>>> print(open('entry.cif').read())   # mmCIF, C-alpha atoms
data_target
#
loop_
_atom_site.label_atom_id
_atom_site.label_comp_id
_atom_site.auth_asym_id
_atom_site.auth_seq_id
_atom_site.Cartn_x
_atom_site.Cartn_y
_atom_site.Cartn_z
CA MET N 902 -9.76 -42.03 -41.61
CA LYS N 903 -6.29 -41.16 -40.40
CA ALA N 904 -5.03 -37.63 -40.31
CA LYS N 905 -1.75 -35.99 -39.39
CA VAL N 906 -1.50 -32.58 -37.82
CA TYR N 907 1.77 -30.68 -37.73
CA VAL N 908 1.96 -27.82 -35.25
CA THR N 909 4.87 -25.43 -35.61
CA LEU N 910 5.83 -22.10 -34.08
CA LYS N 911 5.10 -19.11 -36.28
CA ASN N 912 7.96 -17.33 -37.96
CA GLY N 913 9.28 -14.63 -35.69
CA VAL N 914 8.33 -16.50 -32.52
CA LEU N 915 11.49 -17.38 -30.61
CA ASP N 916 11.98 -21.14 -30.35
CA PRO N 917 14.47 -21.71 -27.51
CA GLN N 918 14.11 -25.49 -27.75
CA GLY N 919 14.92 -25.42 -31.46
CA LYS N 920 17.95 -23.26 -30.67
CA ALA N 921 19.13 -25.71 -28.00
CA ILE N 922 18.73 -28.62 -30.42
CA ALA N 923 20.74 -26.70 -33.03
CA GLY N 924 23.45 -26.10 -30.43
CA ALA N 925 23.53 -29.80 -29.53
CA LEU N 926 23.74 -30.79 -33.20
CA HIS N 927 26.63 -28.38 -33.67
CA GLY N 928 28.27 -29.98 -30.64
CA LEU N 929 27.98 -33.36 -32.37
CA GLY N 930 29.79 -31.98 -35.38
CA PHE N 931 26.75 -31.40 -37.61
CA ASP N 932 28.03 -27.97 -38.45
CA THR N 933 26.00 -27.54 -41.64
CA VAL N 934 22.83 -27.12 -39.54
CA ALA N 935 21.86 -23.49 -39.97
CA ASP N 936 18.64 -23.45 -37.94
CA VAL N 937 16.26 -25.79 -36.13
CA ARG N 938 12.57 -25.24 -35.42
CA GLN N 939 10.82 -27.72 -33.17
CA GLY N 940 7.13 -28.57 -33.39
CA LYS N 941 4.51 -31.20 -32.61
CA PHE N 942 3.10 -34.03 -34.63
CA ILE N 943 -0.37 -35.32 -33.76
CA GLU N 944 -1.97 -38.36 -35.39
CA LEU N 945 -5.74 -38.64 -35.39
CA ASP N 946 -8.05 -41.48 -36.30
CA ILE N 947 -11.48 -40.06 -36.99
CA ALA N 948 -14.78 -41.59 -38.02
CA GLU N 949 -15.30 -39.57 -41.19
CA THR N 950 -15.43 -40.82 -44.75
CA ASP N 951 -15.63 -37.51 -46.58
CA ALA N 952 -12.21 -35.87 -46.89
CA ASP N 953 -13.50 -32.30 -46.99
CA ALA N 954 -15.73 -32.83 -43.96
CA ALA N 955 -12.82 -34.43 -42.10
CA LYS N 956 -10.51 -31.59 -42.95
CA ALA N 957 -13.03 -28.97 -41.85
CA ARG N 958 -13.55 -30.82 -38.57
CA ILE N 959 -9.82 -31.12 -37.89
CA ASP N 960 -9.33 -27.49 -38.78
CA GLU N 961 -11.82 -26.64 -36.03
CA MET N 962 -9.97 -28.94 -33.61
CA CYS N 963 -6.72 -27.17 -34.40
CA ARG N 964 -8.18 -23.74 -33.80
CA LYS N 965 -9.92 -24.76 -30.57
CA LEU N 966 -7.30 -26.97 -28.96
CA LEU N 967 -4.49 -28.60 -30.91
CA ALA N 968 -2.69 -25.36 -31.78
CA ASN N 969 -2.42 -22.03 -30.01
CA THR N 970 -2.84 -19.74 -32.99
CA VAL N 971 -1.29 -16.83 -31.10
CA ILE N 972 2.10 -18.48 -31.50
CA GLU N 973 1.59 -21.57 -33.67
CA ASN N 974 0.71 -22.53 -37.22
CA TYR N 975 -0.76 -25.89 -38.14
CA ARG N 976 -0.93 -28.07 -41.22
CA ILE N 977 -3.31 -30.96 -41.80
CA GLU N 978 -2.60 -34.02 -43.92
CA LEU N 979 -5.16 -36.72 -44.61
CA ALA N 980 -3.76 -40.20 -45.07
CA MET E 1302 -15.19 -11.31 0.32
CA LYS E 1303 -16.73 -14.33 -1.36
CA SER E 1304 -14.15 -16.18 -3.38
CA ALA E 1305 -13.50 -19.50 -5.05
CA VAL E 1306 -10.33 -21.36 -5.95
CA ILE E 1307 -10.56 -23.64 -8.95
CA VAL E 1308 -8.72 -26.92 -8.42
CA PHE E 1309 -7.49 -28.80 -11.48
CA PRO E 1310 -5.79 -32.19 -11.44
CA GLY E 1311 -2.17 -31.14 -10.99
CA SER E 1312 -2.83 -27.81 -9.27
CA ASN E 1313 -0.36 -27.42 -6.43
CA CYS E 1314 -0.75 -23.84 -5.20
CA ASP E 1315 -4.48 -24.10 -4.48
CA ARG E 1316 -3.96 -24.42 -0.71
CA ASP E 1317 -1.58 -21.47 -0.56
CA MET E 1318 -4.10 -19.43 -2.51
CA ALA E 1319 -6.93 -20.54 -0.21
CA THR E 1320 -4.90 -19.62 2.89
CA ALA E 1321 -4.08 -16.18 1.48
CA LEU E 1322 -7.72 -15.53 0.61
CA GLU E 1323 -8.93 -16.67 4.02
CA GLN E 1324 -6.32 -14.67 5.94
CA ILE E 1325 -6.97 -11.48 4.05
CA GLY E 1326 -10.57 -11.87 2.95
CA GLY E 1327 -11.79 -13.24 6.28
CA THR E 1328 -13.69 -16.22 4.92
CA PRO E 1329 -12.36 -19.42 3.40
CA PRO E 1330 -12.88 -19.64 -0.36
CA ALA E 1331 -14.99 -22.35 -1.96
CA MET E 1332 -12.74 -24.99 -3.48
CA VAL E 1333 -14.27 -25.83 -6.85
CA TRP E 1334 -13.24 -28.94 -8.74
CA HIS E 1335 -12.45 -28.62 -12.46
CA GLY E 1336 -15.22 -31.05 -13.41
CA ASP E 1337 -17.95 -29.03 -11.70
CA HIS E 1338 -20.53 -27.41 -13.92
CA ASP E 1339 -21.40 -24.50 -11.70
CA LEU E 1340 -19.84 -21.92 -9.42
CA PRO E 1341 -21.16 -20.66 -6.08
CA ASP E 1342 -23.46 -17.64 -6.38
CA GLY E 1343 -22.32 -14.10 -5.72
CA LEU E 1344 -18.57 -14.57 -6.09
CA ASP E 1345 -16.36 -11.49 -5.85
CA LEU E 1346 -13.22 -13.30 -6.96
CA ILE E 1347 -12.31 -16.51 -8.72
CA ALA E 1348 -8.68 -17.61 -8.38
CA LEU E 1349 -6.93 -19.99 -10.76
CA PRO E 1350 -3.93 -21.31 -8.82
CA GLY E 1351 -0.46 -22.34 -9.90
CA GLY E 1352 0.60 -25.88 -10.61
CA PHE E 1353 0.79 -28.23 -13.53
CA SER E 1354 -2.82 -28.80 -14.50
CA TYR E 1355 -3.20 -31.95 -16.59
CA GLY E 1356 0.56 -32.40 -16.44
CA ASP E 1357 1.03 -29.49 -18.87
CA TYR E 1358 -0.05 -31.88 -21.65
CA LEU E 1359 -0.17 -30.36 -25.13
CA ARG E 1360 0.63 -26.84 -23.81
CA SER E 1361 0.61 -25.43 -20.27
CA GLY E 1362 -2.99 -24.59 -19.44
CA ALA E 1363 -4.40 -25.92 -22.73
CA MET E 1364 -6.34 -28.83 -21.27
CA ALA E 1365 -7.50 -26.94 -18.17
CA ALA E 1366 -8.88 -24.17 -20.37
CA GLN E 1367 -11.27 -26.73 -21.87
CA SER E 1368 -12.45 -28.22 -18.57
CA PRO E 1369 -16.17 -27.92 -17.71
CA VAL E 1370 -15.77 -25.37 -14.91
CA MET E 1371 -13.82 -23.01 -17.18
CA ARG E 1372 -16.94 -22.39 -19.28
CA GLU E 1373 -18.51 -21.01 -16.09
CA VAL E 1374 -15.39 -19.01 -15.26
CA VAL E 1375 -15.45 -17.44 -18.72
CA ARG E 1376 -19.14 -16.64 -18.27
CA ALA E 1377 -18.49 -15.09 -14.85
CA ALA E 1378 -15.56 -13.05 -16.18
CA THR E 1379 -17.76 -11.73 -18.97
CA ARG E 1380 -20.26 -10.62 -16.33
CA GLY E 1381 -17.47 -8.70 -14.59
CA VAL E 1382 -16.54 -11.08 -11.76
CA LYS E 1383 -12.86 -10.68 -10.91
CA VAL E 1384 -10.66 -13.56 -12.02
CA LEU E 1385 -7.04 -13.86 -10.82
CA GLY E 1386 -4.71 -16.34 -12.49
CA VAL E 1387 -1.30 -16.98 -10.96
CA CYS E 1388 1.40 -18.93 -12.80
CA ASN E 1389 -0.42 -21.92 -14.30
CA GLY E 1390 -3.58 -19.86 -13.72
CA PHE E 1391 -2.16 -17.16 -16.01
CA GLN E 1392 -1.39 -19.79 -18.64
CA ILE E 1393 -4.96 -21.09 -18.36
CA LEU E 1394 -6.39 -17.57 -18.74
CA THR E 1395 -4.48 -17.02 -22.00
CA GLU E 1396 -5.47 -20.45 -23.30
CA ALA E 1397 -9.10 -19.75 -22.42
CA GLY E 1398 -8.98 -16.45 -24.30
CA LEU E 1399 -9.65 -14.33 -21.21
CA LEU E 1400 -6.26 -12.66 -21.57
CA PRO E 1401 -4.38 -11.97 -24.81
CA GLY E 1402 -0.99 -13.39 -25.76
CA ALA E 1403 0.62 -16.69 -24.85
CA LEU E 1404 3.14 -18.10 -22.36
CA MET E 1405 5.94 -20.04 -23.93
CA ARG E 1406 8.90 -22.08 -22.72
CA ASN E 1407 11.39 -19.90 -20.78
CA ALA E 1408 14.02 -18.45 -23.09
CA GLY E 1409 16.76 -20.04 -20.95
CA LEU E 1410 14.93 -23.39 -21.16
CA LYS E 1411 15.32 -23.87 -17.41
CA PHE E 1412 12.67 -24.04 -14.73
CA VAL E 1413 13.20 -20.80 -12.82
CA CYS E 1414 12.47 -20.89 -9.10
CA ARG E 1415 13.62 -17.79 -7.23
CA ASP E 1416 12.61 -14.36 -6.03
CA VAL E 1417 12.34 -11.71 -8.71
CA ARG E 1418 11.95 -7.97 -8.45
CA LEU E 1419 8.87 -6.45 -10.03
CA ARG E 1420 7.80 -2.92 -10.70
CA VAL E 1421 4.14 -2.06 -10.24
CA GLU E 1422 3.42 -0.34 -13.55
CA ASN E 1423 -0.25 0.37 -13.01
CA ALA E 1424 -1.46 0.93 -9.45
CA ALA E 1425 -4.93 1.94 -10.58
CA THR E 1426 -6.38 -1.56 -11.00
CA ALA E 1427 -8.59 -3.63 -8.72
CA TYR E 1428 -5.55 -5.81 -8.02
CA SER E 1429 -2.86 -3.21 -7.51
CA SER E 1430 -4.40 -0.20 -5.75
CA GLY E 1431 -2.68 -1.29 -2.53
CA TYR E 1432 0.70 -0.61 -4.13
CA ALA E 1433 2.19 2.71 -5.18
CA ALA E 1434 2.73 3.29 -8.89
CA GLY E 1435 6.34 2.47 -9.68
CA GLN E 1436 6.79 0.59 -6.40
CA GLU E 1437 9.34 -2.20 -6.47
CA ILE E 1438 8.33 -5.47 -4.89
CA ARG E 1439 9.98 -8.86 -4.51
CA VAL E 1440 7.89 -11.93 -5.34
CA PRO E 1441 8.91 -15.53 -6.08
CA VAL E 1442 8.48 -17.16 -9.47
CA ALA E 1443 8.49 -20.90 -10.09
CA HIS E 1444 7.81 -21.82 -13.67
CA HIS E 1445 9.09 -23.36 -16.87
CA ASP E 1446 6.69 -21.66 -19.26
CA GLY E 1447 6.55 -18.01 -18.27
CA ASN E 1448 7.92 -16.42 -21.40
CA TYR E 1449 5.14 -14.00 -22.32
CA PHE E 1450 4.64 -13.56 -26.03
CA ALA E 1451 2.50 -10.99 -27.79
CA ASP E 1452 2.98 -9.61 -31.27
CA ASP E 1453 4.04 -5.99 -31.76
CA ALA E 1454 0.51 -4.70 -32.32
CA LEU E 1455 -0.76 -6.37 -29.15
CA LEU E 1456 2.21 -5.13 -27.11
CA GLU E 1457 1.52 -1.60 -28.26
CA ARG E 1458 -2.11 -1.95 -27.25
CA LEU E 1459 -1.25 -3.44 -23.84
CA GLU E 1460 1.24 -0.69 -23.11
CA GLY E 1461 -1.02 2.07 -24.38
CA ASN E 1462 -3.97 0.89 -22.29
CA GLY E 1463 -1.93 0.46 -19.12
CA GLN E 1464 -2.69 -3.26 -19.17
CA VAL E 1465 0.84 -4.16 -18.11
CA VAL E 1466 0.42 -4.22 -14.32
CA PHE E 1467 3.67 -5.90 -13.23
CA ARG E 1468 7.01 -5.80 -15.02
CA TYR E 1469 10.20 -7.73 -14.23
CA LEU E 1470 13.22 -5.66 -13.28
CA ASP E 1471 15.43 -8.66 -14.04
CA ASN E 1472 13.55 -10.65 -16.65
CA PRO E 1473 13.91 -14.34 -15.70
CA ASN E 1474 12.24 -15.95 -18.72
CA GLY E 1475 12.54 -13.84 -21.86
CA SER E 1476 9.07 -12.29 -21.67
CA ARG E 1477 8.56 -9.59 -24.25
CA HIS E 1478 8.69 -6.09 -22.71
CA ASP E 1479 9.63 -7.81 -19.39
CA ILE E 1480 5.95 -8.47 -18.80
CA ALA E 1481 5.18 -10.31 -15.57
CA GLY E 1482 1.46 -9.63 -15.28
CA ILE E 1483 -1.32 -8.16 -17.39
CA ILE E 1484 -4.94 -7.21 -16.94
CA ASN E 1485 -7.76 -7.38 -19.47
CA GLU E 1486 -9.28 -4.25 -20.98
CA ALA E 1487 -12.34 -4.45 -18.73
CA GLY E 1488 -10.04 -4.50 -15.69
CA ASN E 1489 -11.47 -7.58 -13.97
CA VAL E 1490 -9.13 -10.37 -15.15
CA LEU E 1491 -5.48 -10.37 -14.05
CA GLY E 1492 -2.83 -12.92 -14.90
CA MET E 1493 0.69 -12.98 -13.49
CA MET E 1494 3.53 -15.49 -13.35
CA PRO E 1495 4.95 -14.51 -9.91
CA HIS E 1496 3.23 -15.87 -6.79
CA PRO E 1497 1.78 -13.15 -4.52
CA GLU E 1498 -0.01 -15.81 -2.44
CA ARG E 1499 3.39 -17.01 -1.22
CA LEU E 1500 4.17 -13.71 0.50
CA ILE E 1501 1.36 -13.04 2.93
CA GLU E 1502 2.99 -13.46 6.35
CA PRO E 1503 6.47 -12.39 7.51
CA ILE E 1504 7.24 -16.05 8.23
CA GLN E 1505 7.11 -16.63 4.48
CA GLY E 1506 9.99 -14.24 4.01
CA GLY E 1507 8.02 -11.12 3.20
CA THR E 1508 4.59 -9.65 2.73
CA ASP E 1509 4.88 -8.07 -0.72
CA GLY E 1510 2.02 -10.22 -2.01
CA ARG E 1511 -0.42 -9.02 0.59
CA PRO E 1512 -1.41 -5.67 -0.99
CA LEU E 1513 -2.67 -7.48 -4.09
CA PHE E 1514 -5.30 -9.33 -2.08
CA GLU E 1515 -6.03 -6.27 0.05
CA SER E 1516 -6.63 -4.32 -3.17
CA VAL E 1517 -9.18 -6.88 -4.31
CA LEU E 1518 -10.85 -6.81 -0.91
CA ALA E 1519 -10.96 -3.00 -0.91
CA THR E 1520 -12.60 -2.79 -4.33
CA GLY E 1521 -15.28 -5.34 -3.39
CA ARG E 1522 -17.29 -6.45 -6.36
#
>>> encode(input="entry.cif", output="structure tokens")
Amino acid sequence: MKAKVYVTLKNGVLDPQGKAIAGALHGLGFDTVADVRQGKFIELDIAETDADAAKARIDEMCRKLLANTVIENYRIELA
Amino acid sequence: MKSAVIVFPGSNCDRDMATALEQIGGTPPAMVWHGDHDLPDGLDLIALPGGFSYGDYLRSGAMAAQSPVMREVVRAATRGVKVLGVCNGFQILTEAGLLPGALMRNAGLKFVCRDVRLRVENAATAYSSGYAAGQEIRVPVAHHDGNYFADDALLERLEGNGQVVFRYLDNPNGSRHDIAGIINEAGNVLGMMPHPERLIEPIQGGTDGRPLFESVLATGR
């Protein structure tokens, strides 16, 4: 089963890379860009057939390694 | 003083740390590889050195925090063994849950490599008793991810408990409350971004790092 994990900085956590990207986009003339937040996308292929079991397992992976929950949120999508 | 330096793939300050510990502690530390499953007996201090463990993959310190030897380091820290994390070592300590908060990309996005001035905020710890409270020292930093983040509640707790040991006088990375180094509540785990092990002998341009190691030596176990 394939799964997608999106890791993003929590609201209120300063994202200097997102700010730099926004600045670069403005420099390219994309002046309607109000804000940019940068995150990570992780694709997993796991040997699970049950969607709930897979999601629970990935949730544990996120909490233990894939995300740092002090500063990051995560979202799991099963394909 | 019986000490150990943990060496991860990508550590690059392990030798400097070992030299500092040997010069000040009198005996060379054990160099322990990240894949080891045990630590030498009777350690007074475990040092996690600076560098780029596992190439900073995923997040700085994230992979190292999961390496086999870190389970033993966490166990030792829980028993009260002193654990010092410098730079990447600090990042590993937060990722391993031994210190609260997180170290993020520098606010200026640049790798910062220069001397910074620090104020010793708490001189009553096992790592800082060799300094005077409020003393200003000059120590080099060299990092890309030294921007200390803690939420408001945690910051209040850290400040209230005197857990902020070192504070930047000219914040190089955007750290909240100018935090350069913190200690855990139990007082045995210290993490800091600046490199005290690089200022041990006058030939290195100063000796402001020396009192930190002398403090550890003076407090023993």
>>> interface_residues(input="entry.cif", of="chain E", to="chain N", cutoff="7 Å", atoms="all atoms listed in the file", output="MDAnalysis selection string")
chainID E and resid 1363 1402:1403 1408 1410
>>> residues_around(input="entry.cif", residues="Val906 of chain N", least_positions_apart="2", cutoff="7 Å", atoms="only C-alpha atoms", output="PyMOL selection string")
chain N and resi 904+908+942-944+975-978
>>> write_last_selection(input="entry.cif", atoms="C-alpha atoms", output="PDB file, in the frame of the given file")
ATOM      1  CA  ALA N 904      -5.030 -37.630 -40.310  1.00  0.00           C
ATOM      2  CA  VAL N 908       1.960 -27.820 -35.250  1.00  0.00           C
ATOM      3  CA  PHE N 942       3.100 -34.030 -34.630  1.00  0.00           C
ATOM      4  CA  ILE N 943      -0.370 -35.320 -33.760  1.00  0.00           C
ATOM      5  CA  GLU N 944      -1.970 -38.360 -35.390  1.00  0.00           C
ATOM      6  CA  TYR N 975      -0.760 -25.890 -38.140  1.00  0.00           C
ATOM      7  CA  ARG N 976      -0.930 -28.070 -41.220  1.00  0.00           C
ATOM      8  CA  ILE N 977      -3.310 -30.960 -41.800  1.00  0.00           C
ATOM      9  CA  GLU N 978      -2.600 -34.020 -43.920  1.00  0.00           C
TER      10      GLU N 978
END
>>> residues_near_point(input="entry.cif", point="(-0.2, -29.3, -12.0)", cutoff="8 Å", atoms="only C-alpha atoms", output="tab-separated table (two decimals) with C-alpha atoms, in the frame of the given file")
chain	number	residue	atom	x	y	z
E	1309	PHE	CA	-7.49	-28.80	-11.48
E	1310	PRO	CA	-5.79	-32.19	-11.44
E	1311	GLY	CA	-2.17	-31.14	-10.99
E	1312	SER	CA	-2.83	-27.81	-9.27
E	1313	ASN	CA	-0.36	-27.42	-6.43
E	1351	GLY	CA	-0.46	-22.34	-9.90
E	1352	GLY	CA	0.60	-25.88	-10.61
E	1353	PHE	CA	0.79	-28.23	-13.53
E	1354	SER	CA	-2.82	-28.80	-14.50
E	1355	TYR	CA	-3.20	-31.95	-16.59
E	1356	GLY	CA	0.56	-32.40	-16.44
E	1357	ASP	CA	1.03	-29.49	-18.87
E	1389	ASN	CA	-0.42	-21.92	-14.30
>>> resolve_selection(input="entry.cif", expression="the PyMOL selection byres ((chain E and resi 1482) around 12)", output="PyMOL selection string")
chain E and resi 1385-1388+1390-1392+1394-1395+1400-1404+1419-1423+1428-1429+1442+1447-1450+1459-1460+1463-1469+1476-1481+1483-1485+1490-1497
>>> atom_distance(input="entry.cif", atom1="atom CA of Ile959 of chain N", atom2="atom CA of Asp946 of chain N")
10.6 Å
>>> atom_distance(input="entry.cif", atom1="atom CA of Glu1437 of chain E", atom2="atom CA of Gly1510 of chain E")
11.7 Å
>>> residues_near_point(input="entry.cif", point="(-14.3, -14.6, -2.6)", cutoff="6 Å", atoms="only C-alpha atoms", output="compact mmCIF listing (two decimals) with C-alpha atoms, keeping the file's coordinate frame")
# COMPACT_ATOMS: atom_id res chain seq x y z
CA MET E 1302 -15.19 -11.31 0.32
CA LYS E 1303 -16.73 -14.33 -1.36
CA SER E 1304 -14.15 -16.18 -3.38
CA ALA E 1305 -13.50 -19.50 -5.05
CA PRO E 1330 -12.88 -19.64 -0.36
CA LEU E 1344 -18.57 -14.57 -6.09
CA ASP E 1345 -16.36 -11.49 -5.85
CA LEU E 1346 -13.22 -13.30 -6.96
>>> atom_distance(input="entry.cif", atom1="atom CA of Pro1512 of chain E", atom2="atom CA of Gly1343 of chain E")
23.0 Å
>>> residues_around(input="entry.cif", residues="Ala923 of chain N", least_positions_apart="4", cutoff="8 Å", atoms="all atoms listed in the file", output="list in words")
Gly919, His927, Val934, Ala935, Asp936 and Val937 of chain N
>>> closest_residue(input="entry.cif", among="N:Ile922, N:Ile947, N:Met962, N:Leu929", to="Ala980 of chain N", atoms="only C-alpha atoms")
N:Ile947
>>> residues_around(input="entry.cif", residues="Met902 of chain N", least_positions_apart="5", cutoff="10 Å", atoms="only C-alpha atoms", output="ChimeraX atom specification")
/N:945-952,955,979-980
>>> residues_around(input="entry.cif", residues="Val1306 of chain E", least_positions_apart="5", cutoff="12 Å", atoms="all atoms listed in the file", output="ChimeraX atom specification")
/E:1312-1323,1329-1335,1340-1341,1344-1351,1370-1371,1374,1384-1387,1390
>>> write_last_selection(input="entry.cif", atoms="C-alpha atoms", output="compact mmCIF listing (two decimals), keeping the file's coordinate frame")
# COMPACT_ATOMS: atom_id res chain seq x y z
CA SER E 1312 -2.83 -27.81 -9.27
CA ASN E 1313 -0.36 -27.42 -6.43
CA CYS E 1314 -0.75 -23.84 -5.20
CA ASP E 1315 -4.48 -24.10 -4.48
CA ARG E 1316 -3.96 -24.42 -0.71
CA ASP E 1317 -1.58 -21.47 -0.56
CA MET E 1318 -4.10 -19.43 -2.51
CA ALA E 1319 -6.93 -20.54 -0.21
CA THR E 1320 -4.90 -19.62 2.89
CA ALA E 1321 -4.08 -16.18 1.48
CA LEU E 1322 -7.72 -15.53 0.61
CA GLU E 1323 -8.93 -16.67 4.02
CA PRO E 1329 -12.36 -19.42 3.40
CA PRO E 1330 -12.88 -19.64 -0.36
CA ALA E 1331 -14.99 -22.35 -1.96
CA MET E 1332 -12.74 -24.99 -3.48
CA VAL E 1333 -14.27 -25.83 -6.85
CA TRP E 1334 -13.24 -28.94 -8.74
CA HIS E 1335 -12.45 -28.62 -12.46
CA LEU E 1340 -19.84 -21.92 -9.42
CA PRO E 1341 -21.16 -20.66 -6.08
CA LEU E 1344 -18.57 -14.57 -6.09
CA ASP E 1345 -16.36 -11.49 -5.85
CA LEU E 1346 -13.22 -13.30 -6.96
CA ILE E 1347 -12.31 -16.51 -8.72
CA ALA E 1348 -8.68 -17.61 -8.38
CA LEU E 1349 -6.93 -19.99 -10.76
CA PRO E 1350 -3.93 -21.31 -8.82
CA GLY E 1351 -0.46 -22.34 -9.90
CA VAL E 1370 -15.77 -25.37 -14.91
CA MET E 1371 -13.82 -23.01 -17.18
CA VAL E 1374 -15.39 -19.01 -15.26
CA VAL E 1384 -10.66 -13.56 -12.02
CA LEU E 1385 -7.04 -13.86 -10.82
CA GLY E 1386 -4.71 -16.34 -12.49
CA VAL E 1387 -1.30 -16.98 -10.96
CA GLY E 1390 -3.58 -19.86 -13.72
